[in-house]
Every structure is written in C-alpha cells, then in structure tokens.
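Undergrad: Got data08.pdb for you, PDB, C-alpha atoms and all ligand atoms:
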```pdb
ATOM      1  CA  ASN I   1      97.705 117.986  52.756  1.00  0.00           C
ATOM      2  CA  ALA I   2      98.676 117.810  56.411  1.00  0.00           C
ATOM      3  CA  ASN I   3      97.986 114.092  56.662  1.00  0.00           C
ATOM      4  CA  LYS I   4     100.205 113.242  53.718  1.00  0.00           C
ATOM      5  CA  LEU I   5     102.925 115.443  55.121  1.00  0.00           C
ATOM      6  CA  ALA I   6     102.744 113.682  58.487  1.00  0.00           C
ATOM      7  CA  GLN I   7     102.852 110.341  56.680  1.00  0.00           C
ATOM      8  CA  SER I   8     105.967 111.238  54.724  1.00  0.00           C
ATOM      9  CA  GLU I   9     107.577 112.625  57.875  1.00  0.00           C
ATOM     10  CA  ARG I  10     106.914 109.319  59.584  1.00  0.00           C
ATOM     11  CA  GLU I  11     108.426 107.435  56.672  1.00  0.00           C
ATOM     12  CA  THR I  12     111.528 109.594  56.764  1.00  0.00           C
ATOM     13  CA  ALA I  13     111.812 109.063  60.517  1.00  0.00           C
ATOM     14  CA  TRP I  14     111.463 105.326  59.940  1.00  0.00           C
ATOM     15  CA  ARG I  15     114.143 105.171  57.277  1.00  0.00           C
ATOM     16  CA  GLU I  16     116.465 107.208  59.468  1.00  0.00           C
ATOM     17  CA  MET I  17     115.717 104.935  62.395  1.00  0.00           C
ATOM     18  CA  ALA I  18     116.312 101.736  60.399  1.00  0.00           C
ATOM     19  CA  LYS I  19     119.662 103.070  59.218  1.00  0.00           C
ATOM     20  CA  GLN I  20     120.754 103.941  62.735  1.00  0.00           C
ATOM     21  CA  VAL I  21     119.617 100.631  64.171  1.00  0.00           C
ATOM     22  CA  ALA I  22     121.530  98.751  61.467  1.00  0.00           C
ATOM     23  CA  HIS I  23     124.561 100.819  62.390  1.00  0.00           C
ATOM     24  CA  GLU I  24     124.126 100.077  66.089  1.00  0.00           C
ATOM     25  CA  ILE I  25     123.880  96.362  65.366  1.00  0.00           C
ATOM     26  CA  LYS I  26     127.018  96.368  63.260  1.00  0.00           C
ATOM     27  CA  ASN I  27     129.049  98.096  65.978  1.00  0.00           C
ATOM     28  CA  PRO I  28     129.224  95.182  68.457  1.00  0.00           C
ATOM     29  CA  LEU I  29     129.535  92.605  65.650  1.00  0.00           C
ATOM     30  CA  THR I  30     133.016  93.680  64.622  1.00  0.00           C
ATOM     31  CA  PRO I  31     134.722  93.151  68.007  1.00  0.00           C
ATOM     32  CA  LEU I  32     132.752  89.907  68.445  1.00  0.00           C
ATOM     33  CA  ARG I  33     134.020  88.531  65.145  1.00  0.00           C
ATOM     34  CA  LEU I  34     137.615  89.626  65.697  1.00  0.00           C
ATOM     35  CA  GLY I  35     137.645  88.236  69.215  1.00  0.00           C
ATOM     36  CA  ILE I  36     136.296  84.850  68.211  1.00  0.00           C
ATOM     37  CA  GLN I  37     138.731  84.682  65.307  1.00  0.00           C
ATOM     38  CA  MET I  38     141.596  85.433  67.674  1.00  0.00           C
ATOM     39  CA  LEU I  39     140.466  82.761  70.175  1.00  0.00           C
ATOM     40  CA  ASP I  40     140.025  80.248  67.378  1.00  0.00           C
ATOM     41  CA  ARG I  41     143.595  80.829  66.229  1.00  0.00           C
ATOM     42  CA  SER I  42     144.939  80.692  69.774  1.00  0.00           C
ATOM     43  CA  TRP I  43     143.114  77.380  70.347  1.00  0.00           C
ATOM     44  CA  LYS I  44     144.405  75.830  67.113  1.00  0.00           C
ATOM     45  CA  ASP I  45     147.982  76.975  67.880  1.00  0.00           C
ATOM     46  CA  LYS I  46     147.725  75.389  71.355  1.00  0.00           C
ATOM     47  CA  ASP I  47     148.659  78.806  72.774  1.00  0.00           C
ATOM     48  CA  VAL I  48     149.530  78.495  76.504  1.00  0.00           C
ATOM     49  CA  LYS I  49     147.719  81.788  77.159  1.00  0.00           C
ATOM     50  CA  PHE I  50     144.458  80.472  75.717  1.00  0.00           C
ATOM     51  CA  ASP I  51     142.700  80.249  79.101  1.00  0.00           C
ATOM     52  CA  ASP I  52     143.623  83.815  80.036  1.00  0.00           C
ATOM     53  CA  LYS I  53     142.520  85.120  76.690  1.00  0.00           C
ATOM     54  CA  PHE I  54     139.269  83.208  76.856  1.00  0.00           C
ATOM     55  CA  ASN I  55     138.570  84.577  80.318  1.00  0.00           C
ATOM     56  CA  LYS I  56     139.209  88.100  79.228  1.00  0.00           C
ATOM     57  CA  PHE I  57     137.141  87.927  76.061  1.00  0.00           C
ATOM     58  CA  SER I  58     134.124  85.932  77.159  1.00  0.00           C
ATOM     59  CA  LYS I  59     132.924  88.711  79.484  1.00  0.00           C
ATOM     60  CA  SER I  60     133.088  91.293  76.733  1.00  0.00           C
ATOM     61  CA  PHE I  61     131.350  88.909  74.307  1.00  0.00           C
ATOM     62  CA  LEU I  62     128.461  88.567  76.714  1.00  0.00           C
ATOM     63  CA  GLU I  63     128.219  92.327  77.066  1.00  0.00           C
ATOM     64  CA  GLN I  64     128.165  92.789  73.314  1.00  0.00           C
ATOM     65  CA  ILE I  65     125.480  90.129  72.953  1.00  0.00           C
ATOM     66  CA  ASP I  66     123.367  91.725  75.675  1.00  0.00           C
ATOM     67  CA  SER I  67     123.652  95.051  73.957  1.00  0.00           C
ATOM     68  CA  LEU I  68     122.534  93.456  70.681  1.00  0.00           C
ATOM     69  CA  SER I  69     119.483  91.891  72.285  1.00  0.00           C
ATOM     70  CA  ARG I  70     118.590  95.176  73.942  1.00  0.00           C
ATOM     71  CA  ILE I  71     118.704  96.961  70.615  1.00  0.00           C
ATOM     72  CA  ALA I  72     116.683  94.198  68.961  1.00  0.00           C
ATOM     73  CA  SER I  73     113.932  94.135  71.555  1.00  0.00           C
ATOM     74  CA  GLU I  74     113.536  97.897  71.733  1.00  0.00           C
ATOM     75  CA  PHE I  75     113.441  98.060  67.963  1.00  0.00           C
ATOM     76  CA  SER I  76     110.839  95.351  67.635  1.00  0.00           C
ATOM     77  CA  ASN I  77     108.747  97.074  70.295  1.00  0.00           C
ATOM     78  CA  PHE I  78     109.006 100.261  68.294  1.00  0.00           C
ATOM     79  CA  ALA I  79     108.152  98.456  65.073  1.00  0.00           C
ATOM     80  CA  LYS I  80     105.100  96.783  66.593  1.00  0.00           C
ATOM     81  CA  MET I  81     103.431 100.101  67.137  1.00  0.00           C
ATOM     82  CA  PRO I  82     100.946 100.308  64.254  1.00  0.00           C
ATOM     83  CA  GLU I  83      98.705  97.471  65.505  1.00  0.00           C
ATOM     84  CA  LEU I  84      96.537  99.326  67.991  1.00  0.00           C
ATOM     85  CA  LYS I  85      94.138  97.467  70.250  1.00  0.00           C
ATOM     86  CA  LEU I  86      91.974 100.258  71.606  1.00  0.00           C
ATOM     87  CA  GLU I  87      89.947  99.747  74.767  1.00  0.00           C
ATOM     88  CA  LYS I  88      88.138 102.037  77.152  1.00  0.00           C
ATOM     89  CA  LEU I  89      90.215 102.040  80.329  1.00  0.00           C
ATOM     90  CA  ALA I  90      90.691 103.874  83.587  1.00  0.00           C
ATOM     91  CA  VAL I  91      94.012 105.746  83.280  1.00  0.00           C
ATOM     92  CA  LEU I  92      94.723 105.026  86.914  1.00  0.00           C
ATOM     93  CA  SER I  93      94.555 101.243  86.468  1.00  0.00           C
ATOM     94  CA  VAL I  94      97.375 101.378  83.912  1.00  0.00           C
ATOM     95  CA  LEU I  95      99.368 104.010  85.767  1.00  0.00           C
ATOM     96  CA  ASN I  96      99.269 102.012  88.993  1.00  0.00           C
ATOM     97  CA  LYS I  97     100.801  98.995  87.230  1.00  0.00           C
ATOM     98  CA  ALA I  98     103.803 101.066  86.184  1.00  0.00           C
ATOM     99  CA  VAL I  99     104.132 102.709  89.594  1.00  0.00           C
ATOM    100  CA  GLU I 100     104.045  99.308  91.277  1.00  0.00           C
ATOM    101  CA  VAL I 101     107.069  98.123  89.291  1.00  0.00           C
ATOM    102  CA  TYR I 102     109.230 101.194  89.824  1.00  0.00           C
ATOM    103  CA  SER I 103     108.374 101.894  93.424  1.00  0.00           C
ATOM    104  CA  GLN I 104     110.223  98.682  94.347  1.00  0.00           C
ATOM    105  CA  MET I 105     113.467 100.529  93.755  1.00  0.00           C
ATOM    106  CA  ALA I 106     115.452 101.829  96.676  1.00  0.00           C
ATOM    107  CA  HIS I 107     116.235 105.575  96.778  1.00  0.00           C
ATOM    108  CA  ILE I 108     113.111 106.349  94.763  1.00  0.00           C
ATOM    109  CA  LYS I 109     109.823 107.512  96.160  1.00  0.00           C
ATOM    110  CA  ILE I 110     106.879 107.706  93.820  1.00  0.00           C
ATOM    111  CA  THR I 111     103.715 109.468  94.884  1.00  0.00           C
ATOM    112  CA  CYS I 112     100.629 109.405  92.756  1.00  0.00           C
ATOM    113  CA  ASP I 113      97.744 111.767  93.470  1.00  0.00           C
ATOM    114  CA  GLU I 114      95.043 109.212  92.768  1.00  0.00           C
ATOM    115  CA  SER I 115      92.159 111.563  93.548  1.00  0.00           C
ATOM    116  CA  SER I 116      93.084 113.846  90.649  1.00  0.00           C
ATOM    117  CA  LEU I 117      92.971 110.900  88.246  1.00  0.00           C
ATOM    118  CA  LYS I 118      89.949 109.100  89.632  1.00  0.00           C
ATOM    119  CA  ASP I 119      87.256 108.142  87.104  1.00  0.00           C
ATOM    120  CA  CYS I 120      89.292 109.265  84.095  1.00  0.00           C
ATOM    121  CA  MET I 121      88.397 106.953  81.235  1.00  0.00           C
ATOM    122  CA  VAL I 122      90.410 106.965  78.029  1.00  0.00           C
ATOM    123  CA  LEU I 123      90.389 105.050  74.751  1.00  0.00           C
ATOM    124  CA  VAL I 124      93.882 103.584  74.478  1.00  0.00           C
ATOM    125  CA  ASP I 125      95.993 100.540  73.789  1.00  0.00           C
ATOM    126  CA  ARG I 126      96.674  99.144  77.239  1.00  0.00           C
ATOM    127  CA  ASP I 127     100.166  97.759  76.502  1.00  0.00           C
ATOM    128  CA  GLN I 128     101.272 100.910  74.756  1.00  0.00           C
ATOM    129  CA  LEU I 129     100.033 103.179  77.519  1.00  0.00           C
ATOM    130  CA  LEU I 130     101.744 101.015  80.123  1.00  0.00           C
ATOM    131  CA  ARG I 131     104.969 101.224  78.158  1.00  0.00           C
ATOM    132  CA  CYS I 132     104.595 105.001  77.984  1.00  0.00           C
ATOM    133  CA  PHE I 133     104.366 105.289  81.757  1.00  0.00           C
ATOM    134  CA  ASN I 134     107.191 102.772  82.192  1.00  0.00           C
ATOM    135  CA  ASN I 135     109.397 104.813  79.891  1.00  0.00           C
ATOM    136  CA  LEU I 136     108.671 108.080  81.691  1.00  0.00           C
ATOM    137  CA  LEU I 137     109.318 106.551  85.109  1.00  0.00           C
ATOM    138  CA  LYS I 138     112.495 104.839  83.934  1.00  0.00           C
ATOM    139  CA  ASN I 139     113.813 108.086  82.482  1.00  0.00           C
ATOM    140  CA  ALA I 140     112.922 109.950  85.675  1.00  0.00           C
ATOM    141  CA  ILE I 141     114.853 107.437  87.745  1.00  0.00           C
ATOM    142  CA  GLU I 142     117.808 107.522  85.380  1.00  0.00           C
ATOM    143  CA  ALA I 143     117.876 111.323  85.647  1.00  0.00           C
ATOM    144  CA  MET I 144     118.575 111.095  89.368  1.00  0.00           C
ATOM    145  CA  PRO I 145     122.140 112.061  90.268  1.00  0.00           C
ATOM    146  CA  GLU I 146     124.075 109.519  92.320  1.00  0.00           C
ATOM    147  CA  GLY I 147     123.276 109.745  95.997  1.00  0.00           C
ATOM    148  CA  LYS I 148     120.258 112.010  95.678  1.00  0.00           C
ATOM    149  CA  ALA I 149     116.954 110.711  97.023  1.00  0.00           C
ATOM    150  CA  GLY I 150     114.668 110.473  94.030  1.00  0.00           C
ATOM    151  CA  LEU I 151     111.194 111.930  94.207  1.00  0.00           C
ATOM    152  CA  ILE I 152     108.693 111.300  91.462  1.00  0.00           C
ATOM    153  CA  THR I 153     105.274 112.899  91.654  1.00  0.00           C
ATOM    154  CA  ILE I 154     102.332 112.036  89.442  1.00  0.00           C
ATOM    155  CA  ASN I 155      99.343 114.336  89.141  1.00  0.00           C
ATOM    156  CA  GLY I 156      96.230 114.547  87.036  1.00  0.00           C
ATOM    157  CA  ILE I 157      94.866 117.802  85.689  1.00  0.00           C
ATOM    158  CA  LYS I 158      91.337 117.595  84.309  1.00  0.00           C
ATOM    159  CA  GLU I 159      90.532 119.764  81.324  1.00  0.00           C
ATOM    160  CA  GLN I 160      87.268 120.052  79.467  1.00  0.00           C
ATOM    161  CA  HIS I 161      87.896 117.175  77.061  1.00  0.00           C
ATOM    162  CA  ASN I 162      91.231 115.828  78.233  1.00  0.00           C
ATOM    163  CA  ILE I 163      93.074 114.451  81.170  1.00  0.00           C
ATOM    164  CA  LYS I 164      96.603 115.752  81.537  1.00  0.00           C
ATOM    165  CA  ILE I 165      98.978 113.484  83.425  1.00  0.00           C
ATOM    166  CA  ALA I 166     102.069 115.153  84.844  1.00  0.00           C
ATOM    167  CA  VAL I 167     105.098 113.054  85.801  1.00  0.00           C
ATOM    168  CA  SER I 168     107.630 115.163  87.706  1.00  0.00           C
ATOM    169  CA  ASP I 169     111.086 114.237  88.901  1.00  0.00           C
ATOM    170  CA  ASN I 170     113.752 116.042  90.917  1.00  0.00           C
ATOM    171  CA  GLY I 171     116.555 114.859  88.663  1.00  0.00           C
ATOM    172  CA  ASN I 172     119.248 116.574  86.606  1.00  0.00           C
ATOM    173  CA  GLY I 173     116.967 118.351  84.159  1.00  0.00           C
ATOM    174  CA  ILE I 174     117.433 118.372  80.402  1.00  0.00           C
ATOM    175  CA  PRO I 175     120.309 120.484  79.058  1.00  0.00           C
ATOM    176  CA  LEU I 176     119.354 123.237  76.653  1.00  0.00           C
ATOM    177  CA  ASN I 177     121.148 121.622  73.738  1.00  0.00           C
ATOM    178  CA  SER I 178     119.235 118.330  74.141  1.00  0.00           C
ATOM    179  CA  ARG I 179     115.769 119.783  74.473  1.00  0.00           C
ATOM    180  CA  ALA I 180     114.929 119.853  70.777  1.00  0.00           C
ATOM    181  CA  SER I 181     116.114 116.261  70.232  1.00  0.00           C
ATOM    182  CA  ILE I 182     114.740 114.116  73.039  1.00  0.00           C
ATOM    183  CA  PHE I 183     111.792 112.799  70.981  1.00  0.00           C
ATOM    184  CA  VAL I 184     113.971 111.952  67.972  1.00  0.00           C
ATOM    185  CA  PRO I 185     114.472 108.178  67.552  1.00  0.00           C
ATOM    186  CA  ASN I 186     117.932 107.106  68.706  1.00  0.00           C
ATOM    187  CA  PHE I 187     118.740 110.362  70.472  1.00  0.00           C
ATOM    188  CA  THR I 188     120.301 109.475  73.818  1.00  0.00           C
ATOM    189  CA  THR I 189     122.727 111.019  76.278  1.00  0.00           C
ATOM    190  CA  LYS I 190     123.239 107.714  78.130  1.00  0.00           C
ATOM    191  CA  SER I 191     126.147 105.353  77.528  1.00  0.00           C
ATOM    192  CA  SER I 192     123.828 102.359  77.232  1.00  0.00           C
ATOM    193  CA  GLY I 193     120.667 104.165  76.152  1.00  0.00           C
ATOM    194  CA  THR I 194     118.766 103.380  72.977  1.00  0.00           C
ATOM    195  CA  GLY I 195     117.045 106.720  72.533  1.00  0.00           C
ATOM    196  CA  LEU I 196     113.830 104.942  71.584  1.00  0.00           C
ATOM    197  CA  GLY I 197     111.859 105.504  74.775  1.00  0.00           C
ATOM    198  CA  LEU I 198     110.492 108.985  74.211  1.00  0.00           C
ATOM    199  CA  ALA I 199     110.151 108.458  70.450  1.00  0.00           C
ATOM    200  CA  PHE I 200     107.860 105.564  71.322  1.00  0.00           C
ATOM    201  CA  VAL I 201     105.917 107.557  73.914  1.00  0.00           C
ATOM    202  CA  LYS I 202     105.341 110.416  71.504  1.00  0.00           C
ATOM    203  CA  GLN I 203     104.144 108.157  68.736  1.00  0.00           C
ATOM    204  CA  ALA I 204     101.936 106.070  71.030  1.00  0.00           C
ATOM    205  CA  VAL I 205     100.331 109.156  72.559  1.00  0.00           C
ATOM    206  CA  GLU I 206      99.759 110.778  69.183  1.00  0.00           C
ATOM    207  CA  ASN I 207      98.229 107.527  67.892  1.00  0.00           C
ATOM    208  CA  VAL I 208      95.337 108.073  70.294  1.00  0.00           C
ATOM    209  CA  LYS I 209      95.120 111.819  69.547  1.00  0.00           C
ATOM    210  CA  GLY I 210      96.965 112.778  72.681  1.00  0.00           C
ATOM    211  CA  ASN I 211      99.859 115.088  73.206  1.00  0.00           C
ATOM    212  CA  ILE I 212     103.176 115.193  75.048  1.00  0.00           C
ATOM    213  CA  TYR I 213     105.424 118.031  76.163  1.00  0.00           C
ATOM    214  CA  PHE I 214     107.763 118.827  79.030  1.00  0.00           C
ATOM    215  CA  THR I 215     109.142 121.552  81.230  1.00  0.00           C
ATOM    216  CA  THR I 216     112.595 121.272  82.744  1.00  0.00           C
ATOM    217  CA  GLU I 217     115.088 123.109  84.880  1.00  0.00           C
ATOM    218  CA  ILE I 218     118.732 122.154  85.309  1.00  0.00           C
ATOM    219  CA  ASN I 219     119.464 120.521  88.681  1.00  0.00           C
ATOM    220  CA  VAL I 220     115.852 120.994  89.742  1.00  0.00           C
ATOM    221  CA  GLY I 221     113.955 118.465  87.668  1.00  0.00           C
ATOM    222  CA  THR I 222     111.719 117.698  84.748  1.00  0.00           C
ATOM    223  CA  THR I 223     107.985 117.274  84.250  1.00  0.00           C
ATOM    224  CA  PHE I 224     106.516 115.374  81.334  1.00  0.00           C
ATOM    225  CA  TYR I 225     102.872 116.077  80.510  1.00  0.00           C
ATOM    226  CA  ILE I 226     100.773 113.568  78.612  1.00  0.00           C
ATOM    227  CA  THR I 227      97.346 114.702  77.481  1.00  0.00           C
ATOM    228  CA  LEU I 228      94.745 112.088  76.542  1.00  0.00           C
ATOM    229  CA  PRO I 229      91.192 112.652  75.300  1.00  0.00           C
ATOM    230  CA  LEU I 230      88.607 111.652  77.901  1.00  0.00           C
ATOM    231  CA  VAL I 231      85.766 109.318  76.990  1.00  0.00           C
ATOM    232  CA  SER I 232      82.578 109.056  78.999  1.00  0.00           C
TER     233      SER I 232
HETATM  234  P1  LIG I 301     117.151 106.757  76.538  1.00  0.00           P
HETATM  235  O1  LIG I 301     116.469 106.729  77.878  1.00  0.00           O
HETATM  236  O2  LIG I 301     117.443 105.378  76.011  1.00  0.00           O
HETATM  237  O3  LIG I 301     118.345 107.663  76.494  1.00  0.00           O
HETATM  238  P2  LIG I 301     114.774 108.221  75.728  1.00  0.00           P
HETATM  239  O4  LIG I 301     114.142 108.422  74.398  1.00  0.00           O
HETATM  240  O5  LIG I 301     113.939 107.574  76.781  1.00  0.00           O
HETATM  241  O6  LIG I 301     116.103 107.383  75.479  1.00  0.00           O
HETATM  242  O7  LIG I 301     115.293 109.622  76.268  1.00  0.00           O
HETATM  243  C1  LIG I 301     116.100 110.426  75.414  1.00  0.00           C
HETATM  244  C2  LIG I 301     116.945 111.397  76.230  1.00  0.00           C
HETATM  245  O8  LIG I 301     116.116 112.377  76.834  1.00  0.00           O
HETATM  246  C3  LIG I 301     117.708 110.772  77.373  1.00  0.00           C
HETATM  247  O9  LIG I 301     118.927 110.198  76.953  1.00  0.00           O
HETATM  248  C4  LIG I 301     117.913 111.970  78.307  1.00  0.00           C
HETATM  249  O10 LIG I 301     119.009 112.754  77.884  1.00  0.00           O
HETATM  250  C5  LIG I 301     116.664 112.803  78.074  1.00  0.00           C
HETATM  251  N1  LIG I 301     115.651 112.605  79.135  1.00  0.00           N
HETATM  252  C6  LIG I 301     114.498 111.908  79.021  1.00  0.00           C
HETATM  253  N2  LIG I 301     113.781 111.948  80.168  1.00  0.00           N
HETATM  254  C7  LIG I 301     114.487 112.707  81.032  1.00  0.00           C
HETATM  255  C8  LIG I 301     114.280 113.146  82.392  1.00  0.00           C
HETATM  256  N3  LIG I 301     113.186 112.808  83.098  1.00  0.00           N
HETATM  257  N4  LIG I 301     115.235 113.943  82.945  1.00  0.00           N
HETATM  258  C9  LIG I 301     116.331 114.308  82.254  1.00  0.00           C
HETATM  259  N5  LIG I 301     116.587 113.925  80.978  1.00  0.00           N
HETATM  260  C10 LIG I 301     115.679 113.135  80.362  1.00  0.00           C
HETATM  261 MG    MG I 302     114.499 106.052  78.196  1.00  0.00          MG
END
```
Starting from the file, lay out its structure as structure tokens.
TA:
Amino acid sequence: NANKLAQSERETAWREMAKQVAHEIKNPLTPLRLGIQMLDRSWKDKDVKFDDKFNKFSKSFLEQIDSLSRIASEFSNFAKMPELKLEKLAVLSVLNKAVEVYSQMAHIKITCDESSLKDCMVLVDRDQLLRCFNNLLKNAIEAMPEGKAGLITINGIKEQHNIKIAVSDNGNGIPLNSRASIFVPNFTTKSSGTGLGLAFVKQAVENVKGNIYFTTEINVGTTFYITLPLVS
C-alpha cells in the first residue's frame, strides 16, 4: 500500500544519503592524511623548509576539518528527525525567532506580514519548525547575487484547514535543470553546500502532515510555500 511504498522510498533515500555522506567524509580525509605524512617526514628529516610547509598546510587542514564537522553536524541533525516532540504553537512565535537571527545581516531586509499569520496555531515540533524557517531564510540569503540588496518577504495565507506560509526572495531563482532535484538529499549547487537543508525541510513538514512547494523565476526570485494544518 501507499504507506509501505513511502516507507521503502524513505529507506532508499536514507541508504543513498548514507553512501553520499560517507563519500563526502572520505574526500577531505585523503589530503589530510597525505599532508600530515609529508609534514611528519619533513620534520624527521630536519628539512629547512619545514616552517614554510607547516604554514602552508595548517590552514588547509583547518579548512578540511571544518568541512568535516559541518558535514557531521548537518547529518546528525538530519538523522535526529524521527523523534518528534509535538506541541501546539503559534506559527508566528517560531517564525519570529528565525527572522530575528537573519535580520541582523547587512544587505538583507526581511519583512514579515504578522497580521496574516496572527492567531495561527499548529501542532509541530518547535525545533524542527525553527530549523525549517532557518533553512529557508538561509537559502534565500545565499541566493542573493553579490551587491544586490536582498529583500525577503514573509506572508501568511489562511485556507480552510491550513495556514500557508510564503517566503519570497528577490534572488537568482532556481535554474530549470535544478528544479526537480532541490529536495533530494545532498543536492547542492553551492561550493560549500551540503544539500541537506531542503531535504530536511520537506521531511519535517511532511512529518506533521504539511506540504512544501515553490515557484521561481530566473533573476527575479523564488517563493517557498509551506502549508501546515491549523489546530484550534
Ligand atoms: P544547500 O543550501 O546546502 O545547497 P539546500 O537543500 O538548502 O542545500 O538547497 C539545495 C539547492 O536548492 C541549493 O544548492 C540551491 O541551488 C537551491 N535553492 C534552494 N533555495 C533557493 C532559493 N531561495 N533561491 C535559489 N536557489 C535555491
Ligand atoms: Mg541550504
């Protein structure tokens, strides 16, 4: 049945994800190992260039290590997902937390139409919902071309049983050939992206019987819509 199918799809996605994460972890390990080996030899041989070599390599080691910890923390966040702690919450209280963090950034203006979201109560996991909004805002900011003043607009659209939250940006838009892949774990177009953000958002939203989709136009911007069931 449909449930079993969804389950096996999730398992396939998980296996695929685990494979890719393992691959991503192995990538920085090779240069780390070779570099340390080289320094070790240079040190033992009392190489006069040791200091220079150390200087050159230590920066790249730190970068590799940072990239490893980024992968690890995003993966463990992703893996944590099944334990849901559902509470009845005002959407706006969670949304405002995310907005507060990202509106500190220069060049970005975030406006939230609070009146359209007022009194909207949903049954959600607070941390997961916050991470959803954080991910959408972070992506919106990252979609801003250099030098352009970023505008992010958040609106609520009330439906009979749902609240639809629209997060719009005036960024680059999503190229046609990426559109089908953005929710796939590990899909990224960024040099230091993990591709786990939207995969997380989709799963978290679907966990509480919500929905996510987007509209986008190149060089104009993108809007992500999250629909959540309302509770009274
Ligand atoms: P990451 O941000 O690590 O790349 P995500 O899962 O958050 O991973 O996003 C996947 C991809 O979707 C991004 O690499 C980007 O190409 C695209 N994307 C997501 N949000 C936006 C947006 N607001 N505007 C343009 N492209 C986006
Ligand atoms: Mg992201």
Undergrad: As a list in words, please: every protein or nucleic acid residue near ligand MG 302 (chain I) (cut-off 8 Å, counting all atoms listed in the file).
TA: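 Those within range of ligand MG 302 (chain I) are Asn135, Leu136, Lys138, Asn139, Gly193, Thr194, Gly195, Leu196, Gly197 and Leu198 of chain I.
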Undergrad: Kindly save the residues from that selection, with C-alpha atoms included, as a tab-separated table (two decimals), in the coordinates of the input.
TA:
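Printed below is again_7.tsv as written:
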```tsv
chain	number	residue	atom	x	y	z
I	135	ASN	CA	109.40	104.81	79.89
I	136	LEU	CA	108.67	108.08	81.69
I	138	LYS	CA	112.50	104.84	83.93
I	139	ASN	CA	113.81	108.09	82.48
I	193	GLY	CA	120.67	104.16	76.15
I	194	THR	CA	118.77	103.38	72.98
I	195	GLY	CA	117.04	106.72	72.53
I	196	LEU	CA	113.83	104.94	71.58
I	197	GLY	CA	111.86	105.50	74.78
I	198	LEU	CA	110.49	108.98	74.21
```
Undergrad: For ligand LIG 301 (chain I), which residue out of I:Ile218, I:Ala199, I:Leu230, I:Ile212 is the nearest one, using only C-alpha atoms and all ligand atoms?
TA: I:Ala199
Undergrad: Produce a table with one row for each residue of region 143-199 of chain I that has an atom at most 10 Å from any atom of region 118-121 of chain I, each row naming the nearest atom pair and its distance in Å at one decimal; use only C-alpha atoms; arrange rows by chain and rising residue number; format as a Markdown table.
TA:
```
| residue | atom | partner | partner_atom | distance |
| --- | --- | --- | --- | --- |
| I:Gly156 | CA | I:Lys118 | CA | 8.7 |
| I:Lys158 | CA | I:Cys120 | CA | 8.6 |
| I:Asn162 | CA | I:Cys120 | CA | 9.0 |
| I:Ile163 | CA | I:Cys120 | CA | 7.1 |
```
Undergrad: Taking only C-alpha atoms into account, name the residue in I:Leu39, I:Val101, I:Leu137, I:Ile65 that is nearest to Ile25 (chain I).
TA: I:Ile65
Undergrad: Counting only C-alpha atoms and all ligand atoms, what residues are within 9 Å of ligand LIG 301 (chain I), given as a PyMOL selection string?
TA: chain I and resi 135-144+167-175+178-179+181-201+216+218+221-224
Undergrad: Record the distance separating CA of Leu29 (chain I) and CA of Leu68 (chain I), expressed in Å with one decimal.
TA: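 Separation of CA of Leu29 (chain I) and CA of Leu68 (chain I): 8.7 Å.
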Undergrad: Tell me, in Å to one decimal, how far CA of Phe54 (chain I) is from CA of Gly35 (chain I).
TA: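 Between these atoms lies a distance of 9.3 Å.
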Undergrad: Record the distance separating CA of Glu206 (chain I) and CA of Leu130 (chain I), expressed in Å with one decimal.
TA: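 CA of Glu206 (chain I) sits 14.8 Å away from CA of Leu130 (chain I).
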Undergrad: Apply the PyMOL selection byres (((chain I and resi 98) around 12) and not hetatm) to the file shown and report the selected residues as a PyMOL selection string.
TA: chain I and resi 91-97+99-104+110+112+126-138+154
Undergrad: Could you name the residues that touch region 58-62 of chain I at 12 Å or less, counting all atoms listed in the file, but leaving out those on the same chain fewer than 5 positions away, as a PyMOL selection string?
TA: chain I and resi 28-36+39+50-53+67-69
Undergrad: Kindly indicate which residue among I:Asn27, I:Glu159, I:Pro145, I:Asn207 lies nearest to Gln64 (chain I), using all atoms listed in the file for the distances.
TA: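 For Gln64 (chain I), the nearest of the given residues is I:Asn27.
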Undergrad: Apply the PyMOL selection byres (((chain I and resi 225) around 6) and not hetatm) to the file shown and report the selected residues as JSON, numbers by chain.
TA: {"I": [165, 166, 212, 213, 214, 224, 226]}
